[in-house]
Amino acid sequence: MVEDNAREQGSSATKTKPALTYGSYLHVNELLHLQHPLSPPELGPQIQAAENFFITVHQTFELWFKQELIDLDCAADALDGPNPNPETAFDHLLRVIGIQRLLNQHMAMFDHLSPAMFMAFRGYLGTASGSGSWQYRKVERALGVRSPEPSRLYQGFAAAVERAGLTLDQVYAHPAEAGILYRLAEALVDISEGFWLITATHVRVADRAIGARTGTGGTSGVSYLEEALKLKAFPELWDVRTRL
């Protein structure tokens, strides 16, 4: 019996998972092998480095878009779920604000990619274009921008205002009394402005990189991007300022 127990313990020990490490938790090895420049090595290491930089910046955007979508969904759930919790929604919105500020700064990383370096590998991108980012489109829809459906997040906020027996004008006329509702409204304004600023920075970066050239996805390039500057998320929160 003792020998059987010893064998069982030894068998279970061999099945024990390896200790969790920084690298295994974050899958660092896999992450560092996700950049695959398409420009041929014959162009030289400088061009390969430039394209690797280009890929890394875009991949980082996608990681942050993923987190932003998670927090936008959580905020919407907290506002319009079976047990509304505006304070929890506010926490998630604050994180989205931080992400957008980071992305606006991150967009400026492209200033460190010279037009000559970019043009050296741009032809190898085919039809790959930032306009093909489905996560960016999901962020737009979550904010109600260029979307056939209203923003679930804003609908949740509007429902919270209605449950409190207030109007949006009253929230802004008496912010101290409105409390968390006013803070939520201004957080949504920050998100609206942050998203617009990311778009504006993108326009500037594209203009600096390609001038009047067409976009890699077949769009008109900078003029196509500029169209998005005419739109703002949550226009109701901008209109109320006129009425104050």
# chains A, B, ... in the order shown; residues from 1 in each chain; ligands from 1

call {"tool": "residues_around", "arguments": {"residues": "Ile97 (chain A)", "least_positions_apart": "2", "cutoff": "9 Å", "atoms": "only C-alpha atoms", "output": "list in words"}}
result
His92, Leu93, Leu94, Arg95, Ile99, Gln100, Arg101, Leu102, Ala187, Leu188, Asp190, Ile191 and Gly194 of chain A

call {"tool": "residues_around", "arguments": {"residues": "Gly156 (chain A)", "least_positions_apart": "2", "cutoff": "8 Å", "atoms": "only C-alpha atoms", "output": "list in words"}}
result
Ala76, Asp77, Leu79, Asp80, Arg152, Leu153, Tyr154, Ala158, Ala159 and Ala160 of chain A

call {"tool": "write_last_selection", "arguments": {"atoms": "N, CA and C atoms", "output": "PDB file, in the first residue's frame"}}
result
ATOM      1  N   ALA A  76     -21.089  49.583 -21.093  1.00  0.00           N
ATOM      2  CA  ALA A  76     -22.473  49.507 -21.567  1.00  0.00           C
ATOM      3  C   ALA A  76     -23.277  48.520 -20.728  1.00  0.00           C
ATOM      4  N   ASP A  77     -22.672  47.374 -20.394  1.00  0.00           N
ATOM      5  CA  ASP A  77     -23.353  46.383 -19.554  1.00  0.00           C
ATOM      6  C   ASP A  77     -23.653  46.948 -18.174  1.00  0.00           C
ATOM      7  N   LEU A  79     -24.221  49.988 -17.374  1.00  0.00           N
ATOM      8  CA  LEU A  79     -25.237  51.035 -17.421  1.00  0.00           C
ATOM      9  C   LEU A  79     -26.631  50.491 -17.712  1.00  0.00           C
ATOM     10  N   ASP A  80     -26.691  49.417 -18.487  1.00  0.00           N
ATOM     11  CA  ASP A  80     -27.992  48.958 -18.975  1.00  0.00           C
ATOM     12  C   ASP A  80     -28.259  47.493 -18.644  1.00  0.00           C
ATOM     13  N   ARG A 152     -24.889  51.498 -28.152  1.00  0.00           N
ATOM     14  CA  ARG A 152     -25.459  50.854 -26.969  1.00  0.00           C
ATOM     15  C   ARG A 152     -24.964  51.537 -25.702  1.00  0.00           C
ATOM     16  N   LEU A 153     -23.729  52.002 -25.752  1.00  0.00           N
ATOM     17  CA  LEU A 153     -23.156  52.709 -24.606  1.00  0.00           C
ATOM     18  C   LEU A 153     -23.933  53.987 -24.330  1.00  0.00           C
ATOM     19  N   TYR A 154     -24.189  54.767 -25.383  1.00  0.00           N
ATOM     20  CA  TYR A 154     -24.914  56.015 -25.169  1.00  0.00           C
ATOM     21  C   TYR A 154     -26.361  55.751 -24.763  1.00  0.00           C
ATOM     22  N   ALA A 158     -28.211  57.294 -21.570  1.00  0.00           N
ATOM     23  CA  ALA A 158     -29.483  58.017 -21.671  1.00  0.00           C
ATOM     24  C   ALA A 158     -30.536  57.371 -20.772  1.00  0.00           C
ATOM     25  N   ALA A 159     -30.523  56.045 -20.679  1.00  0.00           N
ATOM     26  CA  ALA A 159     -31.474  55.347 -19.813  1.00  0.00           C
ATOM     27  C   ALA A 159     -31.207  55.676 -18.349  1.00  0.00           C
ATOM     28  N   ALA A 160     -29.933  55.794 -17.975  1.00  0.00           N
ATOM     29  CA  ALA A 160     -29.575  56.146 -16.600  1.00  0.00           C
ATOM     30  C   ALA A 160     -30.070  57.554 -16.260  1.00  0.00           C
TER      31      ALA A 160
END

call {"tool": "select_by_dssp", "arguments": {"residues": "region 63-220 of chain A", "states": "helix (DSSP H, G or I)", "output": "count of residues only"}}
result
121

call {"tool": "atom_distance", "arguments": {"atom1": "CA of Arg183 (chain A)", "atom2": "CA of Asp91 (chain A)"}}
result
10.7 Å

call {"tool": "closest_atom_pairs", "arguments": {"of": "region 45-136 of chain A", "to": "region 30-35 of chain A", "cutoff": "9 Å", "atoms": "only C-alpha atoms", "output": "JSON lines"}}
result
{"residue": "A:Asn52", "atom": "CA", "partner": "A:Gln35", "partner_atom": "CA", "distance": 6.4}
{"residue": "A:Ile55", "atom": "CA", "partner": "A:Gln35", "partner_atom": "CA", "distance": 6.4}
{"residue": "A:Thr56", "atom": "CA", "partner": "A:Gln35", "partner_atom": "CA", "distance": 6.9}
{"residue": "A:Gln59", "atom": "CA", "partner": "A:Gln35", "partner_atom": "CA", "distance": 8.7}

call {"tool": "closest_residue", "arguments": {"among": "A:Ala176, A:Ala128, A:Val161, A:Ile198", "to": "Leu103 (chain A)", "atoms": "only C-alpha atoms"}}
result
A:Ile198

call {"tool": "residues_around", "arguments": {"residues": "Lys230 (chain A)", "least_positions_apart": "5", "cutoff": "12 Å", "atoms": "only C-alpha atoms", "output": "ChimeraX atom specification"}}
result
/A:145-146,196-197,199-200,223-225,235

call {"tool": "closest_residue", "arguments": {"among": "A:Phe90, A:Phe53, A:Phe195, A:Trp64", "to": "Lys232 (chain A)", "atoms": "only C-alpha atoms"}}
result
A:Phe195

call {"tool": "residues_around", "arguments": {"residues": "Gln170 (chain A)", "least_positions_apart": "4", "cutoff": "12 Å", "atoms": "only C-alpha atoms", "output": "list in words"}}
result
Val161, Glu162, Ala164, Gly165, Leu166, His174, Pro175, Ala176, Glu177, Ala178, Gly179, Leu181, Tyr182, Ala185, Val240, Arg241, Arg243 and Leu244 of chain A

call {"tool": "write_last_selection", "arguments": {"atoms": "N, CA and C atoms", "output": "short mmCIF file (atom, residue, chain, number, x, y, z; two decimals), in the first residue's frame"}}
result
data_model
loop_
_atom_site.label_atom_id
_atom_site.label_comp_id
_atom_site.auth_asym_id
_atom_site.auth_seq_id
_atom_site.Cartn_x
_atom_site.Cartn_y
_atom_site.Cartn_z
N VAL A 161 -29.94 58.47 -17.20
CA VAL A 161 -30.43 59.84 -16.99
C VAL A 161 -31.95 59.83 -16.82
N GLU A 162 -32.61 59.04 -17.64
CA GLU A 162 -34.08 58.96 -17.57
C GLU A 162 -34.53 58.35 -16.24
N ALA A 164 -33.15 58.58 -13.49
CA ALA A 164 -32.96 59.59 -12.44
C ALA A 164 -34.00 60.70 -12.51
N GLY A 165 -34.87 60.64 -13.51
CA GLY A 165 -35.89 61.67 -13.67
C GLY A 165 -35.35 63.00 -14.14
N LEU A 166 -34.24 62.95 -14.89
CA LEU A 166 -33.59 64.17 -15.37
C LEU A 166 -33.56 64.20 -16.89
N HIS A 174 -27.04 71.53 -13.68
CA HIS A 174 -26.80 71.32 -12.24
C HIS A 174 -25.87 70.11 -12.05
N PRO A 175 -24.61 70.26 -12.44
CA PRO A 175 -23.68 69.12 -12.38
C PRO A 175 -23.47 68.55 -10.98
N ALA A 176 -23.49 69.41 -9.95
CA ALA A 176 -23.27 68.92 -8.58
C ALA A 176 -24.40 67.98 -8.17
N GLU A 177 -25.63 68.36 -8.50
CA GLU A 177 -26.78 67.52 -8.15
C GLU A 177 -26.81 66.25 -9.00
N ALA A 178 -26.37 66.35 -10.25
CA ALA A 178 -26.39 65.18 -11.16
C ALA A 178 -25.32 64.17 -10.76
N GLY A 179 -24.24 64.62 -10.15
CA GLY A 179 -23.21 63.71 -9.64
C GLY A 179 -22.60 62.81 -10.68
N LEU A 181 -23.84 61.08 -12.99
CA LEU A 181 -24.35 61.22 -14.36
C LEU A 181 -23.59 62.31 -15.12
N TYR A 182 -23.27 63.40 -14.41
CA TYR A 182 -22.47 64.44 -15.06
C TYR A 182 -21.07 63.94 -15.36
N ALA A 185 -21.23 61.76 -18.36
CA ALA A 185 -21.41 62.56 -19.58
C ALA A 185 -20.09 63.15 -20.06
N VAL A 240 -25.68 69.94 -26.41
CA VAL A 240 -26.20 70.51 -25.16
C VAL A 240 -25.43 71.74 -24.75
N ARG A 241 -24.19 71.87 -25.14
CA ARG A 241 -23.37 73.02 -24.80
C ARG A 241 -23.92 74.31 -25.40
N ARG A 243 -26.99 74.98 -25.75
CA ARG A 243 -28.22 75.36 -25.07
C ARG A 243 -27.99 75.85 -23.63
N LEU A 244 -26.81 75.70 -23.11
CA LEU A 244 -26.55 76.11 -21.73
C LEU A 244 -26.64 77.62 -21.56
#

call {"tool": "closest_residue", "arguments": {"among": "A:Leu43, A:Val28, A:Ala228, A:Leu72", "to": "Ala142 (chain A)", "atoms": "only C-alpha atoms"}}
result
A:Leu72

call {"tool": "closest_residue", "arguments": {"among": "A:Met119, A:Ala19, A:Leu38, A:Leu69", "to": "Lys138 (chain A)", "atoms": "only C-alpha atoms"}}
result
A:Leu69

call {"tool": "decode", "arguments": {"residues": "region 38-57 of chain A", "atoms": "N, CA and C atoms", "output": "PDB file, in the first residue's frame"}}
result
ATOM      1  N   LEU A  38       7.555  41.907 -45.451  1.00  0.00           N
ATOM      2  CA  LEU A  38       7.412  41.326 -46.786  1.00  0.00           C
ATOM      3  C   LEU A  38       8.453  41.841 -47.762  1.00  0.00           C
ATOM      4  N   SER A  39       9.095  42.950 -47.424  1.00  0.00           N
ATOM      5  CA  SER A  39      10.104  43.484 -48.336  1.00  0.00           C
ATOM      6  C   SER A  39      11.297  42.529 -48.386  1.00  0.00           C
ATOM      7  N   PRO A  40      11.881  42.334 -49.562  1.00  0.00           N
ATOM      8  CA  PRO A  40      12.989  41.372 -49.699  1.00  0.00           C
ATOM      9  C   PRO A  40      14.240  41.830 -48.961  1.00  0.00           C
ATOM     10  N   PRO A  41      14.996  40.876 -48.424  1.00  0.00           N
ATOM     11  CA  PRO A  41      16.228  41.210 -47.691  1.00  0.00           C
ATOM     12  C   PRO A  41      17.221  42.004 -48.539  1.00  0.00           C
ATOM     13  N   GLU A  42      17.120  41.865 -49.879  1.00  0.00           N
ATOM     14  CA  GLU A  42      18.057  42.570 -50.745  1.00  0.00           C
ATOM     15  C   GLU A  42      17.961  44.088 -50.603  1.00  0.00           C
ATOM     16  N   LEU A  43      16.825  44.571 -50.095  1.00  0.00           N
ATOM     17  CA  LEU A  43      16.688  46.021 -49.907  1.00  0.00           C
ATOM     18  C   LEU A  43      17.550  46.532 -48.755  1.00  0.00           C
ATOM     19  N   GLY A  44      18.027  45.620 -47.943  1.00  0.00           N
ATOM     20  CA  GLY A  44      18.924  46.005 -46.859  1.00  0.00           C
ATOM     21  C   GLY A  44      18.250  45.972 -45.500  1.00  0.00           C
ATOM     22  N   PRO A  45      19.031  45.864 -44.438  1.00  0.00           N
ATOM     23  CA  PRO A  45      18.480  45.780 -43.081  1.00  0.00           C
ATOM     24  C   PRO A  45      17.740  47.031 -42.647  1.00  0.00           C
ATOM     25  N   GLN A  46      18.097  48.189 -43.209  1.00  0.00           N
ATOM     26  CA  GLN A  46      17.413  49.421 -42.809  1.00  0.00           C
ATOM     27  C   GLN A  46      15.937  49.385 -43.218  1.00  0.00           C
ATOM     28  N   ILE A  47      15.670  48.891 -44.432  1.00  0.00           N
ATOM     29  CA  ILE A  47      14.286  48.817 -44.901  1.00  0.00           C
ATOM     30  C   ILE A  47      13.525  47.751 -44.125  1.00  0.00           C
ATOM     31  N   GLN A  48      14.177  46.635 -43.855  1.00  0.00           N
ATOM     32  CA  GLN A  48      13.540  45.585 -43.057  1.00  0.00           C
ATOM     33  C   GLN A  48      13.199  46.109 -41.657  1.00  0.00           C
ATOM     34  N   ALA A  49      14.107  46.890 -41.078  1.00  0.00           N
ATOM     35  CA  ALA A  49      13.849  47.463 -39.754  1.00  0.00           C
ATOM     36  C   ALA A  49      12.677  48.437 -39.808  1.00  0.00           C
ATOM     37  N   ALA A  50      12.605  49.229 -40.883  1.00  0.00           N
ATOM     38  CA  ALA A  50      11.519  50.194 -41.033  1.00  0.00           C
ATOM     39  C   ALA A  50      10.172  49.480 -41.156  1.00  0.00           C
ATOM     40  N   GLU A  51      10.142  48.393 -41.929  1.00  0.00           N
ATOM     41  CA  GLU A  51       8.883  47.664 -42.086  1.00  0.00           C
ATOM     42  C   GLU A  51       8.504  46.952 -40.789  1.00  0.00           C
ATOM     43  N   ASN A  52       9.491  46.422 -40.076  1.00  0.00           N
ATOM     44  CA  ASN A  52       9.208  45.786 -38.787  1.00  0.00           C
ATOM     45  C   ASN A  52       8.609  46.808 -37.817  1.00  0.00           C
ATOM     46  N   PHE A  53       9.135  48.023 -37.847  1.00  0.00           N
ATOM     47  CA  PHE A  53       8.605  49.127 -37.029  1.00  0.00           C
ATOM     48  C   PHE A  53       7.151  49.409 -37.402  1.00  0.00           C
ATOM     49  N   PHE A  54       6.883  49.461 -38.697  1.00  0.00           N
ATOM     50  CA  PHE A  54       5.544  49.728 -39.221  1.00  0.00           C
ATOM     51  C   PHE A  54       4.559  48.656 -38.743  1.00  0.00           C
ATOM     52  N   ILE A  55       4.970  47.401 -38.806  1.00  0.00           N
ATOM     53  CA  ILE A  55       4.122  46.293 -38.367  1.00  0.00           C
ATOM     54  C   ILE A  55       3.877  46.368 -36.865  1.00  0.00           C
ATOM     55  N   THR A  56       4.937  46.613 -36.105  1.00  0.00           N
ATOM     56  CA  THR A  56       4.834  46.643 -34.651  1.00  0.00           C
ATOM     57  C   THR A  56       3.870  47.725 -34.179  1.00  0.00           C
ATOM     58  N   VAL A  57       3.958  48.898 -34.776  1.00  0.00           N
ATOM     59  CA  VAL A  57       3.065  49.995 -34.394  1.00  0.00           C
ATOM     60  C   VAL A  57       1.609  49.606 -34.645  1.00  0.00           C
TER      61      VAL A  57
END
